[in-house]
Each structure stands twice: as structure tokens, then as C-alpha cells.
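As provided, my_file.txt (compact mmCIF, C-alpha atoms and all ligand atoms) reads as follows.
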```
# COMPACT_ATOMS: atom_id res chain seq x y z
CA ALA M 2 19.53 52.19 77.84
CA THR M 3 16.14 50.47 77.73
CA PRO M 4 14.12 51.57 74.72
CA ALA M 5 11.01 53.62 75.51
CA ALA M 6 8.81 51.01 73.83
CA VAL M 7 9.96 48.36 76.27
CA ILE M 8 9.23 50.68 79.17
CA ALA M 9 5.75 51.35 77.78
CA ALA M 10 5.08 47.62 77.42
CA LEU M 11 6.27 46.99 80.97
CA GLY M 12 3.86 49.69 82.11
CA ARG M 13 0.93 47.89 80.53
CA LEU M 14 1.94 44.75 82.40
CA ALA M 15 1.94 46.54 85.75
CA GLY M 16 -0.54 44.88 88.09
CA THR M 17 -0.58 41.58 86.17
CA GLY M 18 2.18 40.10 88.34
CA VAL M 19 4.41 39.54 85.31
CA PHE M 20 8.12 40.23 85.76
CA ILE M 21 10.38 40.48 82.74
CA LYS M 22 14.10 40.20 83.33
CA GLY M 23 15.41 42.71 80.81
CA GLY M 24 14.19 43.99 77.46
CA SER M 25 15.80 41.20 75.45
CA ALA M 26 13.31 38.62 76.79
CA LEU M 27 10.42 40.65 75.38
CA GLU M 28 12.22 41.02 72.07
CA ARG M 29 12.92 37.29 71.88
CA LEU M 30 9.26 36.56 72.69
CA ALA M 31 8.28 38.53 69.56
CA GLY M 32 10.21 35.97 67.52
CA VAL M 33 8.61 32.95 69.20
CA THR M 34 6.53 30.78 66.86
CA SER M 35 5.61 27.94 69.19
CA PHE M 36 4.82 27.29 72.84
CA ALA M 37 5.45 24.24 75.01
CA PHE M 38 3.73 23.75 78.37
CA ASP M 39 4.66 21.52 81.27
CA LYS M 40 1.71 19.70 82.84
CA THR M 41 1.81 19.45 86.64
CA GLY M 42 1.52 22.85 88.29
CA THR M 43 1.53 24.61 84.92
CA LEU M 44 -1.56 23.56 82.95
CA THR M 45 -2.92 21.96 86.13
CA GLU M 46 -3.29 23.58 89.53
CA GLY M 47 -0.67 21.29 91.06
CA LYS M 48 -3.01 20.75 94.02
CA LEU M 49 -2.97 16.98 93.95
CA GLU M 50 -5.58 14.75 95.53
CA LEU M 51 -5.03 11.15 96.47
CA GLY M 52 -6.64 8.72 94.02
CA ASP M 53 -6.73 4.96 94.34
CA VAL M 54 -4.39 3.31 96.85
CA ILE M 55 -3.69 -0.27 95.79
CA PRO M 56 -1.54 -2.35 98.18
CA LEU M 57 -0.26 -5.70 96.95
CA ALA M 58 -0.59 -8.51 99.50
CA PRO M 59 0.89 -9.05 102.01
CA ALA M 60 1.43 -5.24 102.24
CA THR M 61 -1.39 -3.17 103.79
CA ILE M 62 -2.54 0.34 102.85
CA GLU M 63 -0.83 1.62 106.02
CA GLN M 64 2.49 -0.07 105.20
CA LEU M 65 2.31 1.23 101.65
CA LEU M 66 1.68 4.83 102.72
CA GLN M 67 4.20 4.70 105.58
CA ALA M 68 6.98 3.49 103.27
CA ALA M 69 6.05 6.06 100.61
CA ALA M 70 6.01 8.93 103.15
CA THR M 71 9.39 7.80 104.53
CA ALA M 72 10.89 8.00 101.06
CA GLU M 73 9.21 11.30 100.13
CA GLN M 74 9.78 13.33 103.30
CA ARG M 75 12.61 15.34 101.73
CA SER M 76 11.19 15.77 98.22
CA GLU M 77 9.59 19.07 97.12
CA HIS M 78 7.56 17.44 94.34
CA PRO M 79 3.75 17.97 94.60
CA LEU M 80 3.33 14.16 94.60
CA ALA M 81 5.70 13.91 97.56
CA ARG M 82 3.85 16.62 99.50
CA LEU M 83 0.57 14.79 98.86
CA ILE M 84 1.91 11.48 100.20
CA VAL M 85 3.51 13.05 103.29
CA ARG M 86 0.26 14.90 104.03
CA GLU M 87 -1.84 11.76 103.59
CA ALA M 88 0.39 9.73 105.91
CA ALA M 89 0.24 12.47 108.57
CA THR M 90 -3.57 12.54 108.34
CA ARG M 91 -3.59 8.84 109.15
CA ASN M 92 -1.05 9.23 111.98
CA LEU M 93 1.52 7.16 110.12
CA GLU M 94 4.97 8.28 111.18
CA ALA M 95 7.77 8.41 108.61
CA SER M 96 11.02 6.65 109.56
CA PRO M 97 14.31 8.56 109.51
CA VAL M 98 16.28 8.11 106.29
CA GLU M 99 20.01 7.73 105.77
CA ALA M 100 20.44 8.29 102.06
CA PHE M 101 18.00 10.31 99.98
CA GLN M 102 18.29 10.62 96.24
CA ALA M 103 15.88 12.51 93.97
CA HIS M 104 15.57 11.31 90.37
CA PRO M 105 14.07 14.31 88.53
CA GLY M 106 11.01 13.35 86.51
CA ALA M 107 11.12 9.81 87.86
CA GLY M 108 10.90 9.62 91.67
CA VAL M 109 13.03 9.10 94.78
CA THR M 110 15.19 6.38 96.35
CA VAL M 111 16.19 6.23 100.04
CA THR M 112 17.73 3.95 102.60
CA ALA M 113 15.59 3.62 105.74
CA PRO M 114 16.08 1.39 108.83
CA ASP M 115 13.68 -1.19 107.40
CA GLY M 116 15.26 -1.22 103.95
CA ALA M 117 15.81 0.47 100.61
CA ILE M 118 12.65 2.23 99.34
CA ILE M 119 11.87 3.35 95.80
CA VAL M 120 8.87 5.57 94.94
CA GLY M 121 8.28 6.66 91.39
CA THR M 122 7.55 5.66 87.84
CA ARG M 123 7.42 2.10 86.64
CA ARG M 124 10.56 2.86 84.62
CA LEU M 125 12.49 4.04 87.71
CA VAL M 126 11.52 0.96 89.73
CA GLU M 127 12.58 -1.34 86.88
CA GLU M 128 15.84 0.57 86.36
CA GLN M 129 16.58 -0.03 90.04
CA GLY M 130 16.37 -3.75 89.34
CA VAL M 131 12.87 -4.47 90.70
CA ALA M 132 10.60 -6.57 88.46
CA LEU M 133 6.91 -5.61 88.48
CA PRO M 134 4.53 -8.47 89.30
CA ALA M 135 1.45 -8.91 87.08
CA ASP M 136 -0.92 -7.48 89.71
CA ALA M 137 1.19 -4.27 89.88
CA ILE M 138 1.00 -3.90 86.10
CA ALA M 139 -2.77 -4.48 86.21
CA ALA M 140 -3.10 -1.79 88.92
CA LEU M 141 -1.10 0.68 86.80
CA GLU M 142 -3.37 0.00 83.82
CA ARG M 143 -6.44 0.68 85.97
CA LEU M 144 -4.99 4.02 87.06
CA ASP M 145 -4.10 4.87 83.43
CA ALA M 146 -7.68 4.18 82.39
CA ALA M 147 -8.93 6.45 85.20
CA GLY M 148 -6.58 9.26 84.06
CA GLN M 149 -4.70 9.16 87.38
CA THR M 150 -0.98 9.84 87.74
CA SER M 151 0.53 6.66 89.18
CA LEU M 152 3.41 5.84 91.49
CA VAL M 153 4.97 2.49 92.29
CA VAL M 154 6.29 1.88 95.83
CA ALA M 155 8.91 -0.83 96.40
CA ARG M 156 10.94 -1.86 99.45
CA ASN M 157 13.88 -4.28 99.49
CA GLY M 158 13.14 -5.38 95.95
CA ALA M 159 9.44 -6.11 96.49
CA VAL M 160 6.58 -3.97 95.17
CA LEU M 161 4.37 -2.89 98.10
CA GLY M 162 1.74 -1.34 95.87
CA VAL M 163 0.66 1.45 93.59
CA LEU M 164 -0.73 4.92 94.39
CA GLY M 165 -2.85 7.19 92.20
CA ALA M 166 -3.18 10.98 92.23
CA ARG M 167 -5.56 13.42 90.54
CA ASP M 168 -4.95 17.01 89.54
CA THR M 169 -7.29 19.71 88.19
CA LEU M 170 -6.87 21.57 84.94
CA ARG M 171 -6.50 25.33 85.47
CA PRO M 172 -9.84 26.86 84.43
CA GLU M 173 -8.16 29.39 82.11
CA ALA M 174 -5.83 26.91 80.37
CA ALA M 175 -8.00 26.07 77.35
CA GLN M 176 -8.84 29.71 76.56
CA VAL M 177 -5.20 30.82 76.89
CA ILE M 178 -4.08 28.12 74.45
CA ALA M 179 -6.89 29.00 72.02
CA ASP M 180 -5.86 32.69 72.20
CA LEU M 181 -2.19 31.82 71.54
CA ARG M 182 -3.21 29.80 68.51
CA SER M 183 -5.32 32.66 67.18
CA LEU M 184 -2.13 34.76 67.39
CA GLY M 185 -0.59 32.29 64.93
CA ILE M 186 1.41 30.31 67.51
CA ALA M 187 1.91 26.70 66.34
CA PRO M 188 2.66 24.11 67.49
CA VAL M 189 1.36 24.44 71.04
CA ALA M 190 2.71 21.34 72.77
CA LEU M 191 2.08 19.62 76.10
CA LEU M 192 5.31 18.09 77.45
CA THR M 193 5.07 15.86 80.49
CA GLY M 194 6.92 13.22 82.44
CA ASP M 195 3.60 11.57 83.22
CA ARG M 196 2.15 8.53 81.42
CA SER M 197 0.69 9.06 77.97
CA ALA M 198 -2.79 7.92 79.06
CA VAL M 199 -2.89 10.71 81.65
CA ALA M 200 -1.55 13.27 79.16
CA ARG M 201 -4.08 12.26 76.52
CA THR M 202 -6.98 12.45 78.99
CA LEU M 203 -5.95 15.99 79.95
CA ALA M 204 -5.42 17.01 76.31
CA GLU M 205 -9.02 16.07 75.45
CA ASN M 206 -10.02 19.35 77.07
CA LEU M 207 -7.22 21.47 75.60
CA PRO M 208 -6.65 22.80 72.06
CA VAL M 209 -2.98 21.76 72.07
CA THR M 210 -1.57 20.56 68.74
CA GLU M 211 0.93 18.02 70.17
CA VAL M 212 1.25 15.82 73.25
CA HIS M 213 4.56 14.28 74.34
CA ALA M 214 4.51 12.05 77.45
CA GLU M 215 6.99 10.13 79.62
CA MET M 216 9.66 12.77 78.95
CA LEU M 217 12.53 13.18 81.38
CA PRO M 218 13.51 16.78 82.24
CA ALA M 219 16.51 16.55 79.88
CA GLN M 220 14.25 15.38 77.05
CA LYS M 221 11.91 18.35 77.58
CA ALA M 222 14.97 20.61 77.39
CA GLU M 223 16.16 18.88 74.23
CA TRP M 224 12.71 19.29 72.63
CA VAL M 225 12.50 23.03 73.26
CA ALA M 226 16.12 23.61 72.22
CA SER M 227 15.84 21.62 69.00
CA ARG M 228 13.17 24.00 67.64
CA GLY M 229 16.06 26.33 66.89
CA PRO M 230 18.39 28.05 66.46
CA SER M 231 15.93 29.64 64.11
CA VAL M 232 15.72 33.38 64.47
CA PRO M 233 12.96 34.40 62.04
CA ALA M 234 14.11 36.56 59.12
CA GLU M 235 11.91 39.41 60.29
CA ARG M 236 13.75 39.55 63.58
CA ALA M 237 17.19 39.40 62.00
CA GLU M 238 16.49 42.72 60.37
CA ILE M 239 15.55 44.51 63.57
CA ASP M 240 17.88 47.42 64.19
CA LEU M 241 18.35 47.14 67.90
CA PRO M 242 19.97 49.84 69.97
CA GLY M 243 23.55 49.00 70.77
CA THR M 244 23.94 46.25 68.18
CA ASP M 245 25.79 46.45 64.93
CA ALA M 246 23.78 44.58 62.31
CA ASN M 247 26.91 43.50 60.46
CA ALA M 248 28.96 42.70 63.51
CA SER M 249 29.09 38.93 63.54
CA ALA M 250 28.68 35.94 61.25
CA GLU M 251 26.14 34.52 63.67
CA GLY M 252 23.75 37.38 63.00
CA PRO M 253 22.84 40.51 64.87
CA LEU M 254 20.77 38.76 67.51
CA ALA M 255 23.49 36.45 68.79
CA SER M 256 24.73 39.14 71.14
CA LEU M 257 21.23 39.48 72.60
CA LEU M 258 20.99 35.86 73.70
CA PRO M 259 22.05 35.42 77.30
CA SER M 260 24.74 32.75 77.47
CA GLY M 261 23.21 29.29 77.35
CA ARG M 262 20.19 30.41 75.31
CA THR M 263 19.97 28.51 72.07
CA GLY M 264 18.05 30.89 69.85
CA SER M 265 15.18 28.41 69.88
CA SER M 266 11.85 29.80 68.65
CA VAL M 267 9.95 28.00 71.43
CA ALA M 268 8.66 29.59 74.62
CA PHE M 269 8.54 27.03 77.44
CA VAL M 270 6.13 27.59 80.33
CA GLY M 271 6.82 25.59 83.47
CA ASP M 272 7.24 25.44 87.20
CA GLY M 273 8.97 23.16 89.65
CA ILE M 274 12.53 21.98 90.11
CA ASN M 275 12.23 19.51 87.25
CA ASP M 276 11.57 22.23 84.68
CA ALA M 277 14.70 24.34 85.15
CA PRO M 278 16.60 22.69 82.23
CA ALA M 279 13.78 23.35 79.72
CA LEU M 280 13.27 26.89 81.07
CA ALA M 281 16.96 27.59 80.56
CA ARG M 282 17.24 26.18 77.04
CA ALA M 283 14.02 27.54 75.51
CA GLY M 284 14.12 30.68 73.36
CA VAL M 285 12.11 32.25 76.18
CA GLY M 286 11.66 30.57 79.56
CA ILE M 287 8.44 31.56 81.33
CA ALA M 288 8.32 30.44 84.96
CA ILE M 289 5.21 30.21 87.09
CA GLY M 290 6.13 32.14 90.20
CA SER M 291 4.36 29.88 92.66
CA GLY M 292 6.93 27.24 91.71
CA THR M 293 10.35 26.90 93.22
CA ASP M 294 13.01 29.61 93.33
CA VAL M 295 15.08 27.47 90.97
CA ALA M 296 12.37 27.72 88.31
CA ALA M 297 12.02 31.47 88.83
CA GLU M 298 15.78 31.86 88.39
CA ALA M 299 15.88 29.78 85.20
CA GLY M 300 13.01 31.71 83.59
CA ASP M 301 13.45 35.08 81.93
CA ILE M 302 9.82 35.96 82.44
CA VAL M 303 8.15 35.13 85.76
CA MET M 304 4.38 35.14 86.30
CA MET M 305 3.66 35.78 89.94
CA GLY M 306 -0.06 36.59 89.66
CA ALA M 307 -2.60 34.68 87.55
CA PRO M 308 -0.39 31.88 86.25
CA LEU M 309 -1.43 31.58 82.59
CA ALA M 310 -3.88 34.39 81.82
CA PRO M 311 -1.30 37.09 80.84
CA LEU M 312 0.38 34.97 78.12
CA PRO M 313 -1.61 36.19 75.06
CA LEU M 314 -1.19 39.85 76.15
CA LEU M 315 2.53 39.24 76.63
CA VAL M 316 2.89 37.91 73.09
CA LYS M 317 0.91 40.85 71.65
CA LEU M 318 2.97 43.38 73.62
CA SER M 319 6.24 41.78 72.55
CA ARG M 320 5.25 42.07 68.89
CA GLU M 321 4.11 45.68 69.28
CA THR M 322 7.33 46.53 71.10
CA VAL M 323 9.50 45.13 68.34
CA ARG M 324 7.47 46.94 65.69
CA ILE M 325 7.91 50.25 67.52
CA ILE M 326 11.64 49.74 68.00
CA ARG M 327 11.92 49.05 64.33
P1 LIG M 401 5.25 16.69 84.95
O1 LIG M 401 5.88 16.63 83.60
O2 LIG M 401 3.80 16.32 84.92
O3 LIG M 401 5.47 18.02 85.64
P2 LIG M 401 7.38 15.41 86.47
O4 LIG M 401 8.41 15.53 85.39
O5 LIG M 401 7.53 16.28 87.66
O6 LIG M 401 5.91 15.54 85.85
O7 LIG M 401 7.32 13.90 86.96
C1 LIG M 401 7.06 12.85 86.04
C2 LIG M 401 6.64 11.60 86.76
O8 LIG M 401 7.73 11.15 87.56
C3 LIG M 401 5.47 11.77 87.70
O9 LIG M 401 4.24 11.57 87.04
C4 LIG M 401 5.75 10.69 88.74
O10 LIG M 401 5.27 9.46 88.28
C5 LIG M 401 7.26 10.63 88.78
N1 LIG M 401 7.83 11.45 89.88
C6 LIG M 401 8.48 12.63 89.77
N2 LIG M 401 8.87 13.07 90.99
C7 LIG M 401 8.44 12.15 91.89
C8 LIG M 401 8.52 12.02 93.31
N3 LIG M 401 9.12 12.91 94.11
N4 LIG M 401 7.96 10.92 93.86
C9 LIG M 401 7.36 10.00 93.11
N5 LIG M 401 7.24 10.08 91.78
C10 LIG M 401 7.77 11.12 91.16
MG MG M 402 6.47 19.73 86.41
```
Would you put the structure from the file into C-alpha cells?
Ligand code: ADP
Ligand code: MG
Amino acid sequence: ATPAAVIAALGRLAGTGVFIKGGSALERLAGVTSFAFDKTGTLTEGKLELGDVIPLAPATIEQLLQAAATAEQRSEHPLARLIVREAATRNLEASPVEAFQAHPGAGVTVTAPDGAIIVGTRRLVEEQGVALPADAIAALERLDAAGQTSLVVARNGAVLGVLGARDTLRPEAAQVIADLRSLGIAPVALLTGDRSAVARTLAENLPVTEVHAEMLPAQKAEWVASRGPSVPAERAEIDLPGTDANASAEGPLASLLPSGRTGSSVAFVGDGINDAPALARAGVGIAIGSGTDVAAEAGDIVMMGAPLAPLPLLVKLSRETVRIIR
């Protein structure tokens, strides 16, 4: 049965749009010592705006956007939605595609009637065997300096150009991170697949203690999992209902970890398809509910209302709950 303290804590969360999947998530949150945040759609609004559009001759802006929209029409990524929207605004019609492949945290590749198109990071384009000309590299450096997220568009082995996008920091992000730190949470890390220049520009306005950029989804997952298994001593002594403290060599909390959980002491906050691996491997996965269903499934706490604001209260409640159970 669910302990009364957990029920009381859940009551205090009523109306905040926070859903906790079972009492063990709250108990694990009490043992969390650090937080990691995804960038796009988590610390930022995820409402992207088009930045600089830089075609490389002989390609035109229209050809660049048309090829990008053709490649992105089946992707759910906020960058893809931005490009498809922009092309539609300009009455540029996407071509039908034969083969679509999403590369999480990197971009997309497709086969269209007029050739093979790649849209994504510089690394993805190079991995696909396309060399970047000097003017493409110069364009990427300009976008870095402007703090814009950048995408390279290539067709049939030639770079058509580079696109930039801007996002807005959530207004509550800095205060939420400051409040977590005043609760003793450290480190508070920003983990992103974006370029380090963009991550650093964003971090100037945030009291995070660490910034890690150009991380693939699997690397984010590895980072949050490697901060464990480290169940704090205090938690190992908790006498939880239904557990025998001397039952297993792995400690009394092992039975509380849903299969796949690592016992990491990191809470990961993220949204989007790309974040499911990190949500699943963190000590506590906190999904932003406006993200995809996949993210909501992988998280054990889902925030459907104000995306970040309830986090400090959640941490305080988890600690109070564990103290009461004890
Ligand atoms: P974040 O960590 O900011 O949430 P992602 O992991 O979703 O970022 O993506 C990392 C980078 O990969 C993006 O900045 C972008 O350059 C590239 N990327 C990811 N998905 C796509 C896509 N559908 N189209 C183009 N580029 C993409
Ligand atoms: Mg993301």
C-alpha cells in the first residue's frame, strides 16, 4: 500500500500538473544529489525562429529551403517543424521522399526524386561522406558567434547551404536552477546535442555548474547513468514498507528500482524523442509533458503544467516524504 506520507505529498502537488508514477519515484528523488537538463524544449521554450539562411552558390535560398523541407517533412524535431513551416510560408512545396531516416541528435537523411538529401549537424554531413567547403565552415562560425543553432543542408554530395535557428530561454529557468542549488543540488548540468558556442551563450544567463555540448542521445544517457549507482548512505537506512533491509547483497533499495534504472543519483529533465534514453537511465527521469509521448513514457515524473517551476517544490516534498516514512 502507498504510505500516507506519499499520498500527502501528492495532495500538495495537486493543481501543479505534476504526475508521479508511483511512490518509489518520489523516494528516489529524495536521494538525488545532482540535476541534468536538456536544452531544446526543456530550458528553452522550443519555439524556434528562423535565423540566418545562408545559401552557397549556385544554390538559392528557395532551393536550400525546399530541399531542407523535403528532408524534414517526416521529422518531429522542433528544427524540422520550423523548416517545414518556413517553406510552406514561402509556397515552396516539399517533394515526396522514398527513404527517410532520422539520426537522433544529429539530423535526417532521405532519398528524394532529385537526389539524396542530408540535413543536420556538420558531423552528420561529414559522416555521410560530404566534405564541407570553406564558405560553409565560415557560415557555421558566423552562426556560432551569433548563438544560433545551425544546420547544414546537402544534396547529392554538395552542400547547398547553412540554416540558423533561435530559441528563447524559459523565463523561470534561471530561478529554478538557483533554487535547486540552494537546496544543495550540485552539479546542475546542461547537456545538449547543440554546438558548444550555442550552449555557452545560453549558459551565460543560467547558474548551471557544468555545460556539456555536442552530446549524442546515448552520451547524455551515459552521463546521467555514470553518476551512480550511488545510493546515499542516508537512503540505504530507510525502512521502507514491504522491503526487508537485510534481504539482498545489493542493498535494500535495489528492489525499489524499476528494471533498467541504474541507481544513479542524477535527475534528468528533458523532452522530445531524443531524450528517452537519458530519461530512462537517470536515477529519476522527469519528462516535460508537452514533449512527445515517448518522453512521457520514459519519465517517472511528468510535468504537464508549468514545465520547470514545480521542480524545487518536488525536491523539498520528496525529502519531507522520506523523513516522515522514516
Ligand atoms: P538538444 O540537446 O538541444 O535538445 P538535439 O539532441 O535534439 O538537441 O539535437 C542536436 C543537434 O542535432 C541539433 O542542434 C541539430 O543541429 C541536429 N538535429 C537534431 N535533429 C535534427 C533534425 N530533425 N534536423 C536537423 N538537425 C537536427
Ligand atoms: Mg532535446
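Here atom CA of Val209 of chain M stands at a distance of 16.4 Å from atom O3 of ligand LIG 401 (chain M).
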Residues at most 10 Å from ligand MG 402 (chain M), using only C-alpha atoms and all ligand atoms? Could they come as JSON, numbers by chain?
{"M": [38, 39, 40, 41, 42, 43, 44, 45, 47, 78, 79, 105, 106, 192, 193, 194, 195, 218, 270, 271, 272, 273, 274, 275, 276, 277, 292]}
When you count all atoms listed in the file, which of these residues is closest to Thr61 of chain M: M:Val160, M:Ala268, M:Ala226, M:Ala219?
M:Val160
Residues at most 10 Å from Thr17 of chain M, counting only C-alpha atoms, excluding those fewer than 3 positions away in the same chain, as JSON, numbers by chain?
{"M": [13, 14, 20, 304, 305, 306, 307, 308, 310, 311]}
What's around Leu152 of chain M at 9 Å? Count all atoms listed in the file, leave out sequence neighbours fewer than 6 positions away in its own chain, and write the answer as a list in words.
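Final neighbour list, sorted by chain and number: Leu80, Gly108, Val120, Gly121, Thr122, Arg123, Leu141, Gly162, Val163, Leu164, Gly165 and Ala166 of chain M.
With all atoms listed in the file as the basis for measurement, M:Ser151 is the residue among M:Asn157, M:Thr322, M:Ser151, M:Gln176 that approaches ligand LIG 401 (chain M) most closely.
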Pairwise distance, atom CA of Ala281 of chain M with atom CA of Gly300 of chain M, equals 6.5 Å
Distance in Å - atom CA of Leu181 of chain M versus atom CA of Leu309 of chain M:
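It comes out at 11.1 Å.
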Neighbour list for Trp224 of chain M as a ChimeraX atom specification, cut-off 10 Å, all atoms listed in the file, skip fewer than 4 positions in-chain
/M:37,192,213,216,218-220,228-229,265,267,279,282-283
Test item: residues at most 10 Å from Arg75 of chain M, only C-alpha atoms, excluding those fewer than 3 positions along its chain, as a count of residues only
13
Please return the centre and edge lengths, in Å to one decimal, of a box with edges along x, y and z that contains all listed atoms of segment 81-96 of chain M, widened by 3 Å on every side, as AutoDock Vina command-line options.
```
--center_x 3.7 --center_y 11.6 --center_z 104.8 --size_x 20.6 --size_y 16.0 --size_z 20.4
```
Given the choices M:Pro59, M:Gly32, M:Gly148, M:Pro188, which gets closest to ligand LIG 401 (chain M) if the distance is worked out from all atoms listed in the file?
M:Gly148
Using all atoms listed in the file: which of M:Ala174, M:Ala15, M:Ile84, M:Ile62 has the shortest distance to ligand LIG 401 (chain M)
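Under the stated criterion, the closest residue is M:Ile84.
Counting only C-alpha atoms and comparing M:Lys48, M:Lys317, M:Arg324, M:Arg156, the residue that lies closest to Gln67 of chain M is M:Arg156.
Using all atoms listed in the file, the shortest contact distance between Asn92 of chain M and any of M:Glu63, M:Glu50, M:Glu73, M:Asp115 is found at M:Glu63.
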Using only C-alpha atoms, which protein or nucleic acid residues come within 12 Å of Arg143 of chain M? Drop anything in the same chain fewer than 2 positions from it, and give the result as a list in words.
Gly52, Asp53, Val54, Ile55, Asp136, Ala137, Ile138, Ala139, Ala140, Leu141, Asp145, Ala146, Ala147, Gly148, Gln149, Thr150, Ser151, Val163, Leu164, Gly165, Ala198 and Val199 of chain M
Produce a file of the selected residues containing C-alpha atoms, as a compact mmCIF listing (two decimals), keeping the file's coordinate frame.
```
# COMPACT_ATOMS: atom_id res chain seq x y z
CA GLY M 52 -6.64 8.72 94.02
CA ASP M 53 -6.73 4.96 94.34
CA VAL M 54 -4.39 3.31 96.85
CA ILE M 55 -3.69 -0.27 95.79
CA ASP M 136 -0.92 -7.48 89.71
CA ALA M 137 1.19 -4.27 89.88
CA ILE M 138 1.00 -3.90 86.10
CA ALA M 139 -2.77 -4.48 86.21
CA ALA M 140 -3.10 -1.79 88.92
CA LEU M 141 -1.10 0.68 86.80
CA ASP M 145 -4.10 4.87 83.43
CA ALA M 146 -7.68 4.18 82.39
CA ALA M 147 -8.93 6.45 85.20
CA GLY M 148 -6.58 9.26 84.06
CA GLN M 149 -4.70 9.16 87.38
CA THR M 150 -0.98 9.84 87.74
CA SER M 151 0.53 6.66 89.18
CA VAL M 163 0.66 1.45 93.59
CA LEU M 164 -0.73 4.92 94.39
CA GLY M 165 -2.85 7.19 92.20
CA ALA M 198 -2.79 7.92 79.06
CA VAL M 199 -2.89 10.71 81.65
```
Within-8 Å shell of (11.0, -1.9, 90.4) in input frame, only C-alpha atoms, as a list of chain:residue names
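Residues with an atom at most 8 Å from (11.0, -1.9, 90.4): M:Ile119, M:Arg123, M:Arg124, M:Leu125, M:Val126, M:Glu127, M:Glu128, M:Gln129, M:Gly130, M:Val131, M:Ala132, M:Leu133, M:Val153, M:Ala155, M:Gly158, M:Ala159, M:Val160.
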